[in-house]
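Listing of entry.txt; format and content: compact mmCIF, C-alpha atoms.
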# COMPACT_ATOMS: atom_id res chain seq x y z
CA MET K 1 93.04 62.38 177.50
CA PRO K 2 94.40 65.51 175.74
CA GLU K 3 95.40 67.01 179.12
CA GLU K 4 97.37 63.88 179.93
CA LYS K 5 99.17 64.15 176.59
CA ILE K 6 100.06 67.80 177.30
CA ASP K 7 101.36 66.86 180.74
CA LYS K 8 103.61 64.20 179.19
CA GLN K 9 104.90 66.68 176.61
CA ASP K 10 105.61 69.25 179.32
CA ARG K 11 107.46 66.62 181.34
CA MET K 12 109.49 65.58 178.30
CA ILE K 13 110.44 69.21 177.67
CA GLU K 14 111.49 69.60 181.31
CA LEU K 15 113.66 66.49 181.08
CA LEU K 16 115.26 67.61 177.83
CA GLU K 17 116.03 71.03 179.32
CA GLU K 18 117.59 69.39 182.37
CA MET K 19 119.68 67.10 180.16
CA LEU K 20 120.85 70.11 178.15
CA ARG K 21 121.92 71.94 181.32
CA TRP K 22 123.95 68.91 182.45
CA MET K 23 125.51 68.49 179.02
CA LYS K 24 126.58 72.14 178.96
CA VAL K 25 128.12 72.00 182.42
CA THR K 26 129.97 68.75 181.84
CA ASN K 27 131.29 69.79 178.43
CA ILE K 28 132.58 73.28 179.22
CA PRO K 29 136.17 72.11 179.89
CA GLN K 30 136.28 70.07 176.66
CA VAL K 31 134.89 72.92 174.55
CA LYS K 32 137.33 75.40 176.10
CA LYS K 33 140.25 73.05 175.36
CA LEU K 34 139.04 72.59 171.79
CA LEU K 35 138.77 76.35 171.27
CA LEU K 36 142.26 76.91 172.70
CA ASP K 37 143.70 74.10 170.52
CA ILE K 38 141.98 75.26 167.32
CA LEU K 39 142.58 78.98 167.93
CA PRO K 40 146.19 79.16 169.21
CA SER K 41 147.08 82.63 167.88
CA ASP K 42 145.67 86.07 168.62
CA LYS K 43 144.84 86.52 164.93
CA GLU K 44 142.80 83.32 164.87
CA ARG K 45 140.90 84.35 168.00
CA ILE K 46 140.18 87.78 166.56
CA ALA K 47 139.01 86.24 163.28
CA TYR K 48 136.85 83.71 165.12
CA HIS K 49 135.27 86.40 167.28
CA TYR K 50 134.35 88.53 164.25
CA SER K 51 133.11 85.56 162.22
CA ASP K 52 129.49 86.46 162.74
CA GLY K 53 128.34 86.45 159.13
CA ARG K 54 130.74 89.15 157.92
CA ASP K 55 132.66 88.52 154.72
CA SER K 56 136.20 87.12 154.76
CA ARG K 57 137.76 90.41 153.63
CA GLU K 58 136.27 92.30 156.57
CA VAL K 59 137.24 89.60 159.06
CA GLY K 60 140.72 89.42 157.54
CA THR K 61 141.16 93.18 157.79
CA VAL K 62 140.22 93.21 161.46
CA ALA K 63 142.38 90.15 162.24
CA GLY K 64 145.34 91.32 160.16
CA VAL K 65 145.39 88.36 157.76
CA HIS K 66 144.58 87.77 154.10
CA PHE K 67 140.96 86.92 153.32
CA SER K 68 141.99 83.54 151.89
CA THR K 69 143.46 82.65 155.28
CA VAL K 70 140.13 83.47 156.90
CA ALA K 71 138.31 81.28 154.36
CA ARG K 72 140.71 78.40 155.11
CA TRP K 73 140.19 78.83 158.85
CA TRP K 74 136.43 78.89 158.33
CA ARG K 75 136.53 75.50 156.57
CA THR K 76 138.51 74.03 159.47
CA TRP K 77 136.22 75.53 162.09
CA VAL K 78 133.11 74.22 160.35
CA LYS K 79 134.66 70.73 160.11
CA VAL K 80 135.48 70.60 163.83
CA GLY K 81 132.12 72.05 164.81
CA ILE K 82 132.98 75.44 166.30
CA ALA K 83 131.39 77.40 163.42
CA GLU K 84 128.53 76.95 161.00
CA SER K 85 128.66 77.56 157.28
CA LEU K 86 126.52 80.32 155.81
CA SER K 87 125.74 80.65 152.11
CA THR K 88 125.55 84.07 150.49
CA LYS K 89 123.30 85.26 147.67
CA GLY K 90 126.27 85.42 145.32
CA GLY K 91 127.09 81.76 145.93
CA GLY K 92 129.95 82.42 148.32
CA GLU K 93 130.47 80.96 151.76
CA ARG K 94 130.84 82.63 155.11
CA ALA K 95 131.05 81.26 158.60
CA LYS K 96 129.40 82.12 161.87
CA ARG K 97 130.99 81.23 165.17
CA ILE K 98 128.95 79.00 167.44
CA PHE K 99 130.62 79.90 170.72
CA SER K 100 131.58 83.13 172.39
CA LEU K 101 135.21 82.93 173.48
CA GLU K 102 134.47 85.13 176.47
CA ASP K 103 131.84 82.66 177.72
CA PHE K 104 134.73 80.22 178.19
CA GLY K 105 137.06 82.75 179.81
CA ILE K 106 139.13 83.15 176.64
CA GLU K 107 140.15 86.76 176.02
CA VAL K 108 139.60 88.25 172.58
CA PRO K 109 142.73 90.29 171.86
CA PHE K 110 142.54 93.81 170.51
CA HIS K 111 144.32 94.24 167.20
CA LYS K 112 146.09 97.39 165.93
CA LYS K 113 144.41 96.84 162.57
CA VAL K 114 141.13 97.93 164.17
CA GLU K 115 142.57 101.43 164.64
CA SER K 116 143.38 101.72 160.94
CA LEU K 117 139.92 100.41 160.10
CA LYS K 118 138.41 103.22 162.17
CA LYS K 119 140.44 105.73 160.18
CA GLU K 120 139.37 104.04 156.94
CA ILE K 121 135.66 104.36 157.71
CA GLY K 122 136.16 108.04 158.47
CA VAL K 123 135.44 108.09 162.18
CA PRO K 124 137.59 110.60 164.06
CA ILE K 125 139.64 108.63 166.56
CA HIS K 126 138.89 111.07 169.39
CA GLU K 127 135.15 110.35 168.95
CA VAL K 128 135.54 106.57 169.03
CA GLN K 129 135.07 104.75 172.28
CA ILE K 130 137.28 101.71 172.26
CA LYS K 131 135.57 98.81 173.95
CA LYS K 132 136.39 95.18 174.41
CA PRO K 133 134.15 92.86 172.38
CA SER K 134 132.34 91.91 175.59
CA GLU K 135 131.29 95.52 176.09
CA VAL K 136 129.66 95.91 172.68
CA ASP K 137 125.87 96.05 172.89
CA ALA K 138 124.80 92.91 171.06
CA THR K 139 121.15 93.95 171.20
CA ALA K 140 121.58 96.98 168.94
CA ASP K 141 119.39 96.95 165.86
CA SER K 142 121.05 95.59 162.74
CA ALA K 143 121.12 98.91 160.88
CA THR K 144 123.12 100.69 163.55
CA GLY K 145 124.59 97.66 165.26
CA SER K 146 127.26 96.91 162.69
CA ALA K 147 128.38 100.53 162.62
CA LYS K 148 128.53 100.61 166.40
CA MET K 149 130.54 97.42 166.45
CA GLU K 150 133.03 98.75 163.89
CA GLU K 151 133.37 102.04 165.71
CA SER K 152 133.58 100.64 169.20
CA THR K 153 135.85 97.61 168.75
Starting from the file, give its structure as structure tokens.
Amino acid sequence: MPEEKIDKQDRMIELLEEMLRWMKVTNIPQVKKLLLDILPSDKERIAYHYSDGRDSREVGTVAGVHFSTVARWWRTWVKVGIAESLSTKGGGERAKRIFSLEDFGIEVPFHKKVESLKKEIGVPIHEVQIKKPSEVDATADSATGSAKMEEST
């Protein structure tokens, strides 16, 4: 009897995984359209891309907008379902993007503000390798990963 129950559970998992694959495939065009509609400007796309738990000041600096603009965008993105809200220890709110723009063929623009950020953090420009966001190693450990991302974006 327990083996039969395990077999049913395995089958249910297989069916759910298959349903998820079909849902993803059939919804890609709708999600891409939603992302393009909600993120019409380069600054919004940059801010969305870097909304990975960073604070609004950092995202705003990279995107070239005021932090209050980022916070407003975050509220909109959470409402429409393209980001999730994150609470901070100090009681503030941040947002984390749910989708990767590049997964939908949407380019993440490079912003001039990133160059000034590199100067601000004291990294000599000639030592910095400028990479597109898709080229950044997402598997880097958290201690060095954020520094790599700042230096290489």
**Prompt:** So, counting all atoms listed in the file, which residue among K:Ser41, K:Gly60, K:Pro109, K:Phe99 is closest to Ile28 in chain K?
**Reply:**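 Ranking K:Ser41, K:Gly60, K:Pro109, K:Phe99 by distance to Ile28 in chain K, first place goes to K:Phe99.
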**Fill in**
Separating CA of Gly90 in chain K from CA of Asp55 in chain K, to the nearest tenth of an Å, is a gap of 11.8 Å
Taking 5 positions as the minimum chain separation for residues in the same chain, which residues sit within 12 Å of Asp42 in chain K when counting only C-alpha atoms? Answer as a JSON list (two decimals) with C-alpha atoms, in the coordinates of the input.
[["chain", "number", "residue", "atom", "x", "y", "z"],
["K", 36, "LEU", "CA", 142.26, 76.91, 172.70],
["K", 47, "ALA", "CA", 139.01, 86.24, 163.28],
["K", 48, "TYR", "CA", 136.85, 83.71, 165.12],
["K", 49, "HIS", "CA", 135.27, 86.40, 167.28],
["K", 62, "VAL", "CA", 140.22, 93.21, 161.46],
["K", 63, "ALA", "CA", 142.38, 90.15, 162.24],
["K", 64, "GLY", "CA", 145.34, 91.32, 160.16],
["K", 65, "VAL", "CA", 145.39, 88.36, 157.76],
["K", 101, "LEU", "CA", 135.21, 82.93, 173.48],
["K", 106, "ILE", "CA", 139.13, 83.15, 176.64],
["K", 107, "GLU", "CA", 140.15, 86.76, 176.02],
["K", 108, "VAL", "CA", 139.60, 88.25, 172.58],
["K", 109, "PRO", "CA", 142.73, 90.29, 171.86],
["K", 110, "PHE", "CA", 142.54, 93.81, 170.51],
["K", 111, "HIS", "CA", 144.32, 94.24, 167.20],
["K", 112, "LYS", "CA", 146.09, 97.39, 165.93]]
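Among the candidate residues K:Ser85, K:Glu93, K:Lys32, K:Val80, the one lying nearest to Ser68 in chain K is K:Glu93, with distances computed using only C-alpha atoms.
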**Request:** For CA of Trp73 in chain K and CA of Ala95 in chain K, quote the distance in Å rounded to one decimal.
**Result:**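 Atom-to-atom, CA of Trp73 in chain K to CA of Ala95 in chain K, that is 9.5 Å.
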**Asked** What does the distance between CA of Arg54 in chain K and CA of Lys96 in chain K come to in Å, to one decimal place?
**Response**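 Distance reported for this atom pair: 8.2 Å.
Proximity of K:Trp77, K:Leu86, K:Phe67, K:Arg57 to Arg45 in chain K, computed with all atoms listed in the file, is greatest for K:Trp77.
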**Spatial neighbours of Lys33 in chain K, 12 Å, only C-alpha atoms, chain gap at least 5 places, as an NGL selection string** = :K and (27-28 or 38-40 or 82 or 101 or 104-106)
**Message:** Calculated over only C-alpha atoms, which of the candidates K:Thr61, K:Gly91, K:Leu15, K:Gly81 has the smallest distance to Ile46 in chain K?
**Reply:** K:Thr61
